[in-house]
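K.L.:
See structure_7.txt below, with compact mmCIF, C-alpha atoms and all ligand atoms.
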# COMPACT_ATOMS: atom_id res chain seq x y z
CA MET A 1 -2.77 14.39 13.88
CA SER A 2 -2.27 12.22 16.96
CA TRP A 3 -5.36 10.04 16.50
CA PHE A 4 -4.33 9.42 12.90
CA GLU A 5 -0.80 8.36 13.71
CA ASN A 6 -1.92 6.11 16.55
CA ALA A 7 -4.71 4.51 14.52
CA ARG A 8 -2.45 3.00 11.84
CA PHE A 9 -5.17 0.86 10.26
CA GLY A 10 -8.34 2.02 8.53
CA MET A 11 -10.91 0.80 6.05
CA PHE A 12 -11.39 2.28 2.62
CA ILE A 13 -14.78 1.65 1.01
CA HIS A 14 -15.55 2.17 -2.67
CA TRP A 15 -19.30 2.11 -3.07
CA GLY A 16 -21.17 3.67 -5.96
CA LEU A 17 -23.16 2.95 -9.12
CA TYR A 18 -20.23 0.91 -10.46
CA SER A 19 -20.82 -1.48 -7.52
CA ALA A 20 -24.20 -2.40 -8.96
CA ALA A 21 -22.59 -3.24 -12.33
CA GLY A 22 -19.66 -5.17 -10.84
CA GLY A 23 -17.48 -4.09 -13.75
CA CYS A 24 -19.77 -5.49 -16.49
CA TRP A 25 -21.27 -3.41 -19.27
CA LYS A 26 -23.29 -4.89 -22.15
CA GLY A 27 -21.59 -8.24 -21.76
CA MET A 28 -18.12 -6.71 -21.62
CA GLU A 29 -15.99 -6.90 -18.56
CA THR A 30 -13.83 -3.95 -17.67
CA PRO A 31 -10.15 -4.69 -17.23
CA TRP A 32 -8.54 -3.75 -13.92
CA VAL A 33 -10.71 -1.59 -11.74
CA SER A 34 -14.51 -1.59 -11.87
CA GLU A 35 -14.98 2.01 -10.73
CA TRP A 36 -13.37 3.19 -13.98
CA MET A 37 -15.96 1.34 -16.10
CA MET A 38 -17.75 4.47 -17.28
CA SER A 39 -14.49 5.90 -18.60
CA LYS A 40 -13.16 2.65 -20.07
CA PHE A 41 -16.33 2.03 -22.12
CA ARG A 42 -17.01 5.71 -22.73
CA ILE A 43 -20.51 5.23 -21.39
CA PRO A 44 -22.65 8.30 -22.06
CA ARG A 45 -23.69 9.86 -18.79
CA ALA A 46 -27.39 9.56 -19.69
CA GLU A 47 -26.89 5.79 -19.96
CA TYR A 48 -24.61 5.41 -16.96
CA ARG A 49 -27.17 6.94 -14.64
CA THR A 50 -29.63 4.14 -15.49
CA LEU A 51 -27.43 1.90 -13.34
CA ALA A 52 -29.03 3.67 -10.39
CA SER A 53 -32.19 1.59 -10.84
CA SER A 54 -30.27 -1.59 -9.95
CA PHE A 55 -28.59 -0.09 -6.89
CA THR A 56 -30.86 -1.56 -4.20
CA GLY A 57 -28.61 -1.42 -1.13
CA GLU A 58 -31.15 -3.81 0.41
CA ASN A 59 -28.63 -5.47 2.73
CA PHE A 60 -26.88 -2.29 3.81
CA ASP A 61 -26.69 -2.08 7.57
CA ALA A 62 -24.43 0.65 8.98
CA GLU A 63 -24.18 -1.09 12.35
CA ARG A 64 -23.03 -4.31 10.73
CA TRP A 65 -20.42 -2.50 8.61
CA MET A 66 -19.12 -0.73 11.71
CA ARG A 67 -18.98 -3.98 13.68
CA THR A 68 -16.98 -5.55 10.86
CA ILE A 69 -14.62 -2.56 10.67
CA ALA A 70 -14.00 -2.46 14.42
CA GLY A 71 -13.75 -6.26 14.56
CA ALA A 72 -11.04 -6.20 11.89
CA GLY A 73 -8.96 -3.92 14.15
CA MET A 74 -9.55 -0.81 12.07
CA LYS A 75 -9.82 2.60 13.71
CA TYR A 76 -11.20 4.71 10.89
CA LEU A 77 -13.24 4.54 7.72
CA VAL A 78 -12.84 6.50 4.51
CA ILE A 79 -15.79 5.98 2.15
CA THR A 80 -16.45 7.33 -1.33
CA SER A 81 -18.87 10.23 -1.06
CA LYS A 82 -18.31 10.95 -4.76
CA HIS A 83 -15.96 9.05 -7.07
CA HIS A 84 -14.83 10.15 -10.53
CA ASP A 85 -18.24 9.20 -12.00
CA GLY A 86 -19.63 12.23 -10.13
CA PHE A 87 -22.45 10.33 -8.43
CA ALA A 88 -23.03 11.52 -4.85
CA MET A 89 -23.45 8.67 -2.38
CA PHE A 90 -25.21 11.02 0.04
CA ASP A 91 -28.22 13.30 0.22
CA SER A 92 -27.07 16.29 -1.78
CA SER A 93 -29.23 19.24 -2.71
CA TYR A 94 -26.87 20.17 -5.55
CA ASP A 95 -28.79 18.10 -8.10
CA ASP A 96 -30.64 14.79 -8.37
CA TYR A 97 -27.51 12.80 -9.29
CA ASN A 98 -27.31 11.14 -5.91
CA VAL A 99 -28.12 7.94 -4.08
CA VAL A 100 -31.21 9.26 -2.29
CA ARG A 101 -32.91 10.70 -5.34
CA LEU A 102 -32.06 8.18 -8.06
CA THR A 103 -31.82 4.71 -6.53
CA PRO A 104 -34.50 2.33 -5.21
CA PHE A 105 -32.32 2.23 -2.06
CA GLY A 106 -33.29 5.87 -1.46
CA ARG A 107 -31.40 6.23 1.85
CA ASP A 108 -28.29 8.21 2.80
CA PRO A 109 -25.64 5.63 3.74
CA LEU A 110 -23.16 8.27 4.91
CA LYS A 111 -25.70 9.61 7.37
CA GLU A 112 -26.32 6.13 8.77
CA LEU A 113 -22.59 5.41 9.00
CA ALA A 114 -21.97 8.75 10.72
CA GLY A 115 -24.65 7.80 13.25
CA ALA A 116 -23.14 4.38 13.97
CA ALA A 117 -19.41 5.23 13.91
CA PRO A 118 -18.98 6.82 17.38
CA LYS A 119 -20.45 3.77 19.11
CA TYR A 120 -17.67 1.63 17.63
CA GLY A 121 -14.88 4.15 18.19
CA VAL A 122 -14.41 4.47 14.44
CA LYS A 123 -13.47 7.85 12.94
CA LEU A 124 -15.19 8.78 9.72
CA GLY A 125 -13.66 10.21 6.55
CA PHE A 126 -14.98 10.94 3.08
CA TYR A 127 -13.28 10.32 -0.26
CA TYR A 128 -14.17 13.10 -2.69
CA SER A 129 -13.03 13.25 -6.32
CA HIS A 130 -12.41 16.97 -6.61
CA VAL A 131 -11.03 17.31 -10.15
CA GLN A 132 -12.49 14.46 -12.18
CA ASP A 133 -16.27 14.44 -12.39
CA TRP A 134 -17.55 12.60 -15.42
CA ASN A 135 -21.02 14.07 -15.01
CA GLU A 136 -19.88 17.69 -15.34
CA PRO A 137 -18.86 19.45 -18.55
CA GLY A 138 -16.36 21.80 -16.86
CA ALA A 139 -14.64 19.15 -14.72
CA ALA A 140 -11.85 16.84 -15.86
CA GLY A 141 -12.27 13.35 -17.22
CA ASN A 142 -15.33 13.01 -19.43
CA THR A 143 -14.16 13.58 -23.00
CA TRP A 144 -16.85 11.41 -24.64
CA ASP A 145 -19.91 13.48 -23.61
CA PHE A 146 -18.21 16.84 -23.43
CA PRO A 147 -15.74 18.29 -25.91
CA GLN A 148 -12.36 19.34 -24.58
CA ASP A 149 -13.06 22.97 -25.46
CA ALA A 150 -15.88 23.00 -22.91
CA LYS A 151 -13.22 22.54 -20.24
CA THR A 152 -11.93 26.09 -20.01
CA ASP A 153 -10.26 27.46 -16.89
CA GLU A 154 -13.42 29.44 -16.24
CA ALA A 155 -15.62 26.35 -16.53
CA PHE A 156 -13.35 24.40 -14.18
CA GLN A 157 -13.37 27.24 -11.65
CA ALA A 158 -17.17 27.38 -11.89
CA TYR A 159 -17.31 23.63 -11.19
CA LEU A 160 -15.11 24.07 -8.07
CA ASP A 161 -17.12 27.04 -6.82
CA GLY A 162 -20.38 25.30 -7.69
CA LYS A 163 -20.71 21.57 -7.21
CA VAL A 164 -17.51 20.93 -5.24
CA LYS A 165 -17.97 23.61 -2.59
CA HIS A 166 -21.70 22.99 -2.36
CA GLN A 167 -21.13 19.30 -1.67
CA LEU A 168 -18.11 19.75 0.61
CA ARG A 169 -20.20 22.11 2.70
CA GLU A 170 -22.92 19.48 2.95
CA LEU A 171 -20.42 16.77 3.89
CA LEU A 172 -18.77 18.93 6.54
CA THR A 173 -21.95 20.23 8.14
CA ASN A 174 -24.52 17.40 7.98
CA TYR A 175 -22.50 14.38 9.16
CA GLY A 176 -21.12 15.21 12.59
CA ASP A 177 -17.36 15.16 13.03
CA VAL A 178 -15.66 14.40 9.74
CA SER A 179 -12.09 13.35 10.49
CA VAL A 180 -10.65 13.12 6.98
CA LEU A 181 -11.38 14.51 3.56
CA TRP A 182 -9.63 12.23 1.12
CA PHE A 183 -9.13 13.93 -2.23
CA ASP A 184 -7.96 11.99 -5.27
CA MET A 185 -6.34 12.71 -8.65
CA PRO A 186 -5.32 16.39 -8.54
CA GLY A 187 -4.66 16.61 -12.28
CA ARG A 188 -5.38 20.10 -13.49
CA ILE A 189 -6.04 21.86 -10.16
CA SER A 190 -3.82 24.93 -9.63
CA CYS A 191 -1.83 25.57 -6.44
CA GLU A 192 -4.15 28.48 -5.60
CA GLN A 193 -7.31 26.49 -6.22
CA ALA A 194 -6.02 23.72 -3.96
CA ARG A 195 -5.15 26.18 -1.19
CA ASP A 196 -8.57 27.74 -1.54
CA LEU A 197 -10.27 24.34 -1.10
CA ARG A 198 -8.09 23.62 1.92
CA ASP A 199 -9.09 26.94 3.51
CA PHE A 200 -12.72 26.22 2.71
CA VAL A 201 -12.49 22.89 4.56
CA ARG A 202 -10.58 24.39 7.50
CA ASP A 203 -13.17 27.13 7.99
CA LEU A 204 -15.99 24.60 8.15
CA ALA A 205 -14.18 21.82 10.02
CA PRO A 206 -10.92 22.94 11.64
CA ARG A 207 -10.00 19.44 12.82
CA CYS A 208 -10.69 17.61 9.57
CA LEU A 209 -7.48 16.25 8.01
CA VAL A 210 -6.80 16.61 4.31
CA ASN A 211 -4.67 14.16 2.33
CA GLY A 212 -1.82 14.90 -0.05
CA ARG A 213 -3.75 14.16 -3.22
CA LEU A 214 -5.46 17.53 -2.98
CA ASP A 215 -2.37 18.73 -4.88
CA TYR A 216 1.04 17.02 -4.89
CA ARG A 217 3.05 20.24 -5.15
CA GLN A 218 2.21 21.30 -1.62
CA LYS A 219 2.15 19.65 1.80
CA TRP A 220 -1.19 19.04 3.47
CA ASP A 221 -1.92 17.06 6.65
CA PHE A 222 -0.64 13.71 5.47
CA ASP A 223 0.78 12.21 2.30
CA SER A 224 -1.01 9.50 0.38
CA LEU A 225 1.43 6.99 -1.06
CA GLY A 226 0.72 5.57 -4.51
CA ASP A 227 -2.15 3.08 -4.81
CA ASN A 228 -0.93 -0.33 -3.64
CA LEU A 229 2.66 0.89 -3.17
CA LEU A 230 4.97 0.42 -0.21
CA PRO A 231 7.56 3.03 0.80
CA PHE A 232 11.23 2.11 0.34
CA GLU A 233 12.34 3.99 3.42
CA LYS A 234 10.96 5.75 6.47
CA CYS A 235 8.40 8.45 5.78
CA THR A 236 9.41 11.66 7.54
CA PHE A 237 5.96 13.23 7.07
CA PRO A 238 2.69 11.62 8.29
CA SER A 239 1.71 9.17 5.58
CA GLU A 240 -0.81 6.59 4.56
CA GLY A 241 -0.67 3.81 2.01
CA CYS A 242 -3.91 2.55 0.51
CA GLY A 243 -4.40 -0.83 -1.04
CA THR A 244 -6.86 -3.28 -2.48
CA MET A 245 -7.62 -6.84 -1.40
CA ASN A 246 -7.99 -8.12 -4.96
CA GLU A 247 -7.10 -5.84 -7.90
CA SER A 248 -10.19 -3.63 -8.00
CA TRP A 249 -11.36 -0.88 -5.67
CA GLY A 250 -14.98 -1.13 -6.73
CA TYR A 251 -16.91 -4.42 -6.50
CA LYS A 252 -15.79 -6.84 -9.18
CA PRO A 253 -17.09 -10.38 -8.66
CA SER A 254 -14.98 -11.89 -11.45
CA ASP A 255 -11.75 -10.90 -9.68
CA HIS A 256 -10.88 -13.69 -7.28
CA HIS A 257 -7.21 -12.76 -6.99
CA TYR A 258 -7.36 -11.89 -3.34
CA ARG A 259 -4.31 -11.39 -1.19
CA THR A 260 -3.95 -13.85 1.66
CA VAL A 261 -4.18 -12.74 5.30
CA PRO A 262 -0.40 -13.09 5.79
CA GLU A 263 0.16 -10.98 2.64
CA ILE A 264 -2.16 -8.29 4.00
CA LEU A 265 -0.32 -8.38 7.35
CA LYS A 266 3.02 -8.17 5.54
CA THR A 267 1.81 -5.03 3.78
CA MET A 268 0.65 -3.64 7.11
CA ALA A 269 4.04 -4.34 8.69
CA GLY A 270 5.85 -2.85 5.68
CA LEU A 271 3.87 0.37 6.01
CA VAL A 272 3.95 0.82 9.77
CA SER A 273 7.65 -0.05 9.95
CA CYS A 274 8.10 3.03 7.68
CA ASN A 275 5.73 5.25 9.72
CA ALA A 276 2.76 4.95 7.35
CA ASN A 277 -0.87 3.99 8.01
CA TYR A 278 -2.66 1.28 6.07
CA LEU A 279 -6.00 2.05 4.46
CA LEU A 280 -7.31 -1.29 3.24
CA ASN A 281 -10.10 -1.28 0.71
CA VAL A 282 -13.37 -3.21 0.51
CA GLY A 283 -15.72 -2.96 -2.47
CA PRO A 284 -19.25 -3.90 -1.36
CA ASP A 285 -21.78 -4.98 -4.01
CA GLY A 286 -24.83 -2.94 -4.98
CA MET A 287 -26.90 -4.64 -2.30
CA GLY A 288 -24.45 -3.58 0.40
CA ASN A 289 -22.76 -6.94 0.99
CA PHE A 290 -19.02 -7.22 1.55
CA PRO A 291 -17.57 -9.95 -0.71
CA PRO A 292 -17.10 -13.19 1.26
CA GLU A 293 -13.34 -13.18 0.56
CA ALA A 294 -13.13 -9.67 2.07
CA CYS A 295 -14.98 -10.85 5.19
CA ARG A 296 -12.51 -13.68 5.64
CA ILE A 297 -9.55 -11.30 5.34
CA LEU A 298 -11.11 -8.90 7.87
CA GLU A 299 -11.69 -11.74 10.32
CA GLY A 300 -8.04 -12.69 9.85
CA THR A 301 -6.67 -9.22 10.56
CA GLY A 302 -8.97 -8.92 13.58
CA GLU A 303 -7.79 -12.21 15.01
CA PHE A 304 -4.12 -11.28 14.50
CA LEU A 305 -4.54 -7.78 15.95
CA ARG A 306 -6.50 -8.87 19.02
CA ARG A 307 -3.32 -10.66 20.02
CA ASN A 308 -0.62 -8.48 18.46
CA GLY A 309 -2.21 -5.02 18.34
CA GLU A 310 0.49 -3.50 20.55
CA ALA A 311 2.90 -3.92 17.60
CA LEU A 312 0.62 -1.74 15.46
CA TYR A 313 -1.36 0.92 17.35
CA GLY A 314 0.81 3.86 18.34
CA ALA A 315 3.81 2.08 16.87
CA SER A 316 6.14 3.46 14.22
CA ALA A 317 9.47 2.84 12.53
CA PRO A 318 12.35 1.82 14.76
CA PRO A 319 15.04 4.51 15.21
CA MET A 320 17.52 2.44 13.22
CA VAL A 321 17.28 2.27 9.43
CA SER A 322 13.99 0.57 8.66
CA THR A 323 14.17 -2.03 5.94
CA ALA A 324 12.26 -5.08 4.92
CA HIS A 325 14.08 -8.19 6.07
CA LEU A 326 13.76 -11.65 4.58
CA TRP A 327 11.77 -12.77 7.60
CA GLY A 328 9.70 -9.60 8.15
CA ASN A 329 9.69 -6.07 9.57
CA VAL A 330 10.34 -4.22 12.81
CA THR A 331 8.13 -1.63 14.51
CA CYS A 332 8.80 0.31 17.69
CA ARG A 333 6.77 1.78 20.53
CA GLY A 334 8.65 3.51 23.36
CA GLY A 335 11.22 1.04 24.63
CA ASP A 336 9.68 -1.96 22.85
CA LEU A 337 10.71 -3.33 19.49
CA TYR A 338 8.34 -5.62 17.64
CA PHE A 339 9.65 -8.17 15.18
CA TRP A 340 6.87 -9.16 12.78
CA CYS A 341 7.93 -12.57 11.48
CA PHE A 342 6.43 -14.01 8.33
CA ARG A 343 9.14 -16.63 8.07
CA ASN A 344 10.87 -18.08 11.08
CA PRO A 345 14.36 -16.59 11.06
CA GLY A 346 15.76 -19.26 13.40
CA ARG A 347 18.80 -17.34 14.61
CA LEU A 348 18.05 -13.63 14.27
CA ASP A 349 20.89 -11.11 14.55
CA TYR A 350 19.76 -7.52 15.01
CA TYR A 351 22.28 -4.70 15.14
CA GLY A 352 22.47 -1.25 16.66
CA ILE A 353 20.60 -1.39 20.00
CA ARG A 354 22.74 0.31 22.64
CA ASN A 355 20.25 -0.40 25.46
CA GLN A 356 20.23 -3.40 27.67
CA VAL A 357 17.53 -5.80 26.48
CA GLU A 358 15.33 -6.94 29.36
CA SER A 359 13.19 -9.59 27.71
CA ALA A 360 12.23 -11.14 24.41
CA GLU A 361 9.12 -13.19 23.85
CA ILE A 362 6.67 -14.19 21.21
CA ILE A 363 3.45 -12.30 21.95
CA GLY A 364 1.00 -14.82 23.34
CA GLY A 365 3.70 -17.49 23.19
CA GLU A 366 7.09 -18.63 24.38
CA LYS A 367 10.06 -16.68 25.67
CA VAL A 368 12.81 -16.19 23.11
CA PRO A 369 16.35 -16.93 24.36
CA PHE A 370 18.74 -14.10 23.45
CA GLU A 371 22.22 -12.73 24.01
CA GLN A 372 23.79 -9.30 23.50
CA TYR A 373 27.30 -8.54 22.35
CA SER A 374 28.72 -4.99 22.33
CA ARG A 375 32.02 -3.33 21.49
CA ASP A 376 31.43 0.26 22.58
CA GLU A 377 34.67 1.53 20.99
CA TYR A 378 33.14 0.70 17.57
CA ASP A 379 29.52 1.50 18.54
CA PHE A 380 28.93 -2.13 17.60
CA HIS A 381 25.92 -3.80 19.18
CA ARG A 382 24.36 -7.11 18.30
CA LEU A 383 21.29 -8.76 19.70
CA THR A 384 21.01 -12.43 18.84
CA MET A 385 17.71 -14.21 19.29
CA PHE A 386 17.15 -17.94 18.99
CA VAL A 387 13.57 -18.08 17.78
CA PRO A 388 11.66 -21.24 18.67
CA GLN A 389 9.55 -23.02 16.08
CA THR A 390 6.09 -21.49 16.03
CA PRO A 391 3.42 -21.00 13.34
CA THR A 392 3.82 -17.84 11.24
CA PRO A 393 3.00 -15.01 11.26
CA PHE A 394 3.98 -14.11 14.81
CA VAL A 395 5.46 -11.10 16.61
CA ILE A 396 8.39 -11.03 19.02
CA ARG A 397 8.31 -8.29 21.65
CA VAL A 398 11.78 -7.12 22.71
CA LYS A 399 11.71 -4.97 25.84
CA CYS A 400 14.63 -2.63 26.26
CA LYS A 401 15.68 -0.71 29.35
CA GLY A 402 14.46 2.83 28.66
CA ASP A 403 13.59 4.27 25.27
CA ILE A 404 15.60 2.79 22.43
CA VAL A 405 18.96 4.40 21.80
CA CYS A 406 20.70 3.14 18.75
CA ASP A 407 23.33 3.60 16.15
CA PRO A 408 21.10 5.44 13.64
CA TYR A 409 23.06 4.05 10.71
CA ALA A 410 22.57 0.48 11.81
CA TYR A 411 20.51 -1.54 9.39
CA GLY A 412 18.90 -3.52 12.16
CA ALA A 413 19.11 -7.06 10.93
CA SER A 414 21.57 -8.45 8.47
CA SER A 415 19.90 -10.10 5.53
CA LYS A 416 21.09 -13.53 6.63
CA GLY A 417 18.10 -14.15 8.84
O1 LIG B 1 -10.24 5.29 -6.16
C1 LIG B 1 -9.21 4.43 -6.58
C2 LIG B 1 -8.93 4.61 -8.04
O2 LIG B 1 -10.08 4.58 -8.84
C3 LIG B 1 -8.29 5.97 -8.02
N1 LIG B 1 -7.51 5.97 -6.81
C4 LIG B 1 -7.88 4.83 -6.02
C5 LIG B 1 -7.86 5.13 -4.55
C6 LIG B 1 -7.50 6.30 -9.18
N2 LIG B 1 -7.82 7.26 -9.95
N3 LIG B 1 -6.94 7.36 -10.89
N4 LIG B 1 -6.04 6.48 -10.72
C7 LIG B 1 -6.34 5.77 -9.65
C8 LIG B 1 -4.91 6.32 -11.59
C9 LIG B 1 -5.41 6.18 -12.98
C10 LIG B 1 -5.13 5.05 -13.66
C11 LIG B 1 -5.55 4.87 -15.01
FE1 LIG B 1 -6.64 3.38 -15.64
C12 LIG B 1 -4.80 4.15 -15.96
C13 LIG B 1 -6.70 5.37 -15.64
C14 LIG B 1 -6.73 4.86 -16.96
C15 LIG B 1 -5.57 4.10 -17.16
C16 LIG B 1 -6.65 2.05 -14.15
C17 LIG B 1 -6.44 1.41 -15.33
C18 LIG B 1 -7.88 2.73 -14.28
C19 LIG B 1 -8.40 2.44 -15.54
C20 LIG B 1 -7.52 1.64 -16.18
Could you show the structure in this file as structure tokens?
P.N.:
Amino acid sequence: MSWFENARFGMFIHWGLYSAAGGCWKGMETPWVSEWMMSKFRIPRAEYRTLASSFTGENFDAERWMRTIAGAGMKYLVITSKHHDGFAMFDSSYDDYNVVRLTPFGRDPLKELAGAAPKYGVKLGFYYSHVQDWNEPGAAGNTWDFPQDAKTDEAFQAYLDGKVKHQLRELLTNYGDVSVLWFDMPGRISCEQARDLRDFVRDLAPRCLVNGRLDYRQKWDFDSLGDNLLPFEKCTFPSEGCGTMNESWGYKPSDHHYRTVPEILKTMAGLVSCNANYLLNVGPDGMGNFPPEACRILEGTGEFLRRNGEALYGASAPPMVSTAHLWGNVTCRGGDLYFWCFRNPGRLDYYGIRNQVESAEIIGGEKVPFEQYSRDEYDFHRLTMFVPQTPTPFVIRVKCKGDIVCDPYAYGASSKG
């Protein structure tokens, strides 16, 4: 788990037939998320597969994607190998419903990404929809092509033993080291079926991590928080939050409601200050281009992290109660506390540090004057910083003597700041 917990920031990519449609079907535009278009419009699978002819991938360049990922400060990539629509974005011998066989693109993007990833120090993971598969009668999800009574327990088990295991074996044996298998939407899977899939993965790839959405009733390697949700308190189990830049996971050109760079960084700080990773999504179009707004956000995170990365990589929640403050969030690494400021707090009072503070400074900027006040008989400790005017967002590094020791019930900062 150590690489995962040090990495803290990864890219999620949703790329599939829905990317070629951009959420539009016969002049209608799907609400919310484009990758659910087939379900929303109850598109017959025979019709949906015709989208493959417009999936050209002509601008796809694995090296360029990897450069962008690494340049944004991300340490891993999780890409859709098969979303709920059931279409394999890799060279699968299970059937012809895959990117190599059906599209004019005709290449295996996962293979090319697996080849490029090590050069950029990026770990590779695959999203795999294990329960919903709208192309399969026995799987969950497609009620418009297949009647509910086709979905017996036996048919579902046959789907798991057939397509799912066949394709997981391909993914875990043909693409080098796979670091994560990212399952989604457990729905009707039983506890035993989930454990069986986990064992299947472990036998083929002992070091591959599996996320919590394999089955919520049991613990796997790390928990996935809800889509676009922040934790309210520290996660005590390895965790990851995933989020979109606009509102859709799949490419949706009509959705221009993108988060700003400071909003993305605020989400990042909110997650890491509660011990969770941030998996930030990009939905490339059917030609393989990242939307221009996404590129600008990735440049922004990269620029921020080249300066402030020490507040993120290998960092976690501070030992005191971790909360969101009006001005920002606090992360911790060894004896250093990092104050991510999205508003300038001016005077910042922070409670609970028993150590002597050695220095406080804005990373890449000015020193921050501070004073400490303690009344040991009450275990009362206050650090007061006088934060100079500086453009937000910025991070203050507070160096303590030794590893942080604190009053574990201290709330860190009062809400005044
Ligand atoms: O892959 C992304 C989503 O497609 C997937 N998880 C992330 C990572 C996801 N699958 N299911 N869900 C999320 C929750 C289902 C939400 C639904 Fe709906 C509400 C399905 C139908 C109504 C959202 C709104 C999707 C279509 C309309």
K.L.:
Would you compute the distance between CA of Gln157 in chain A and atom C5 of ligand LIG 1 (chain B)? Give it in Å to one decimal.
P.N.:
23.9 Å
K.L.:
Select all residues near (21.6, -5.6, 23.1) (cut-off 9 Å, inclusive, file coordinates), counting all atoms listed in the file, and output them as a PDB file with C-alpha atoms, keeping the file's coordinate frame.
P.N.:
ATOM      1  CA  TYR A 350      19.760  -7.520  15.010  1.00  0.00           C
ATOM      2  CA  TYR A 351      22.280  -4.700  15.140  1.00  0.00           C
ATOM      3  CA  GLY A 352      22.470  -1.250  16.660  1.00  0.00           C
ATOM      4  CA  ILE A 353      20.600  -1.390  20.000  1.00  0.00           C
ATOM      5  CA  ARG A 354      22.740   0.310  22.640  1.00  0.00           C
ATOM      6  CA  ASN A 355      20.250  -0.400  25.460  1.00  0.00           C
ATOM      7  CA  GLN A 356      20.230  -3.400  27.670  1.00  0.00           C
ATOM      8  CA  VAL A 357      17.530  -5.800  26.480  1.00  0.00           C
ATOM      9  CA  GLU A 358      15.330  -6.940  29.360  1.00  0.00           C
ATOM     10  CA  PHE A 370      18.740 -14.100  23.450  1.00  0.00           C
ATOM     11  CA  GLU A 371      22.220 -12.730  24.010  1.00  0.00           C
ATOM     12  CA  GLN A 372      23.790  -9.300  23.500  1.00  0.00           C
ATOM     13  CA  TYR A 373      27.300  -8.540  22.350  1.00  0.00           C
ATOM     14  CA  SER A 374      28.720  -4.990  22.330  1.00  0.00           C
ATOM     15  CA  HIS A 381      25.920  -3.800  19.180  1.00  0.00           C
ATOM     16  CA  ARG A 382      24.360  -7.110  18.300  1.00  0.00           C
ATOM     17  CA  LEU A 383      21.290  -8.760  19.700  1.00  0.00           C
ATOM     18  CA  THR A 384      21.010 -12.430  18.840  1.00  0.00           C
ATOM     19  CA  CYS A 400      14.630  -2.630  26.260  1.00  0.00           C
TER      20      CYS A 400
END
K.L.:
If you count only C-alpha atoms and all ligand atoms, which residues end up within 7 Å of ligand LIG 1 (chain B), as a list in words?
P.N.:
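Every residue with an atom at most 7 Å from ligand LIG 1 (chain B) is listed here: Pro31, Trp32, Val33, Glu35, Trp36, Lys40, His83, Asp184, Met185, Asp227, Cys242 and Trp249 of chain A.
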K.L.:
One decimal, in Å: what's the spacing between CA of Asn98 in chain A and CA of Arg207 in chain A?
P.N.:
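Answer for the CA of Asn98 in chain A to CA of Arg207 in chain A separation: 26.8 Å.
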K.L.:
So, with all atoms listed in the file as the atoms that count, which of A:Ile404, A:Ala269, A:Ala311, A:Cys341 lies closest to Gln389 in chain A?
P.N.:
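Comparing A:Ile404, A:Ala269, A:Ala311, A:Cys341 against Gln389 in chain A, the winner is A:Cys341.
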K.L.:
Between CA of Thr173 in chain A and CA of Gly115 in chain A, what is the distance in Å, rounded to a tenth?
P.N.:
13.7 Å
K.L.:
If you count all atoms listed in the file, which residues fall within 9 Å of Met268 in chain A, apart from same-chain ones fewer than 6 positions away, as a short mmCIF file (atom, residue, chain, number, x, y, z; two decimals) with C-alpha atoms, keeping the file's coordinate frame?
P.N.:
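As a result, around.cif now contains:
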data_model
loop_
_atom_site.label_atom_id
_atom_site.label_comp_id
_atom_site.auth_asym_id
_atom_site.auth_seq_id
_atom_site.Cartn_x
_atom_site.Cartn_y
_atom_site.Cartn_z
CA ARG A 8 -2.45 3.00 11.84
CA PHE A 9 -5.17 0.86 10.26
CA ALA A 276 2.76 4.95 7.35
CA ASN A 277 -0.87 3.99 8.01
CA TYR A 278 -2.66 1.28 6.07
CA LEU A 312 0.62 -1.74 15.46
#
K.L.:
Write out as a list in words each polymer residue whose atoms come within 6 Å of Asp108 in chain A, counting all atoms listed in the file; drop sequence neighbours fewer than 2 positions from it.
P.N.:
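Near Asp108 in chain A, the qualifying residues are Phe90, Asp91, Val100, Leu110 and Lys111 of chain A.
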K.L.:
Which one of A:Gly365, A:Gly125, A:Gly138, A:Gly412 sits closest to Phe183 in chain A if you count only C-alpha atoms?
P.N.:
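Nearest to Phe183 in chain A: A:Gly125.
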K.L.:
Between A:Val178, A:Pro137, A:Thr323, A:Pro231, single out the one closest to Ala158 in chain A, counting all atoms listed in the file.
P.N.:
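Under the stated criterion, the closest residue is A:Pro137.
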K.L.:
For Glu310 in chain A, work out the shell of residues within 10 Å, counting all atoms listed in the file and skipping chain neighbours fewer than 3 positions away, then give it as a ChimeraX atom specification.
P.N.:
/A:305-307,313-315,331-333,336,338,363,395,397
K.L.:
Please return as a VMD selection string every residue within 8 Å of (-11.1, 18.2, -15.5), taking into account all atoms listed in the file and the file's own coordinates.
P.N.:
chain A and resid 131 to 133 138 to 142 151 156 187 to 188
K.L.:
Rank A:Cys295, A:Ile396, A:Ile264, A:Ala194 by their smallest atom-to-atom distance to Asn308 in chain A, using all atoms listed in the file, and report the top residue only.
P.N.:
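Smallest distance to Asn308 in chain A is found for A:Ile396.
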K.L.:
Which one is closest to Phe105 in chain A: A:Glu366, A:Glu136, A:Glu58, A:Asp85? Count only C-alpha atoms.
P.N.:
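Nearest to Phe105 in chain A: A:Glu58.
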K.L.:
Would you kindly return, as a tab-separated table (two decimals) with C-alpha atoms, in the coordinates of the input, each protein, DNA or RNA residue with an atom no farther than 9 Å from any atom of Gly10 in chain A, considering all atoms listed in the file and excluding same-chain residues fewer than 4 positions away?
P.N.:
chain	number	residue	atom	x	y	z
A	69	ILE	CA	-14.62	-2.56	10.67
A	73	GLY	CA	-8.96	-3.92	14.15
A	74	MET	CA	-9.55	-0.81	12.07
A	75	LYS	CA	-9.82	2.60	13.71
A	76	TYR	CA	-11.20	4.71	10.89
A	77	LEU	CA	-13.24	4.54	7.72
A	78	VAL	CA	-12.84	6.50	4.51
A	122	VAL	CA	-14.41	4.47	14.44
A	123	LYS	CA	-13.47	7.85	12.94
A	277	ASN	CA	-0.87	3.99	8.01
A	278	TYR	CA	-2.66	1.28	6.07
A	279	LEU	CA	-6.00	2.05	4.46
A	280	LEU	CA	-7.31	-1.29	3.24
A	281	ASN	CA	-10.10	-1.28	0.71
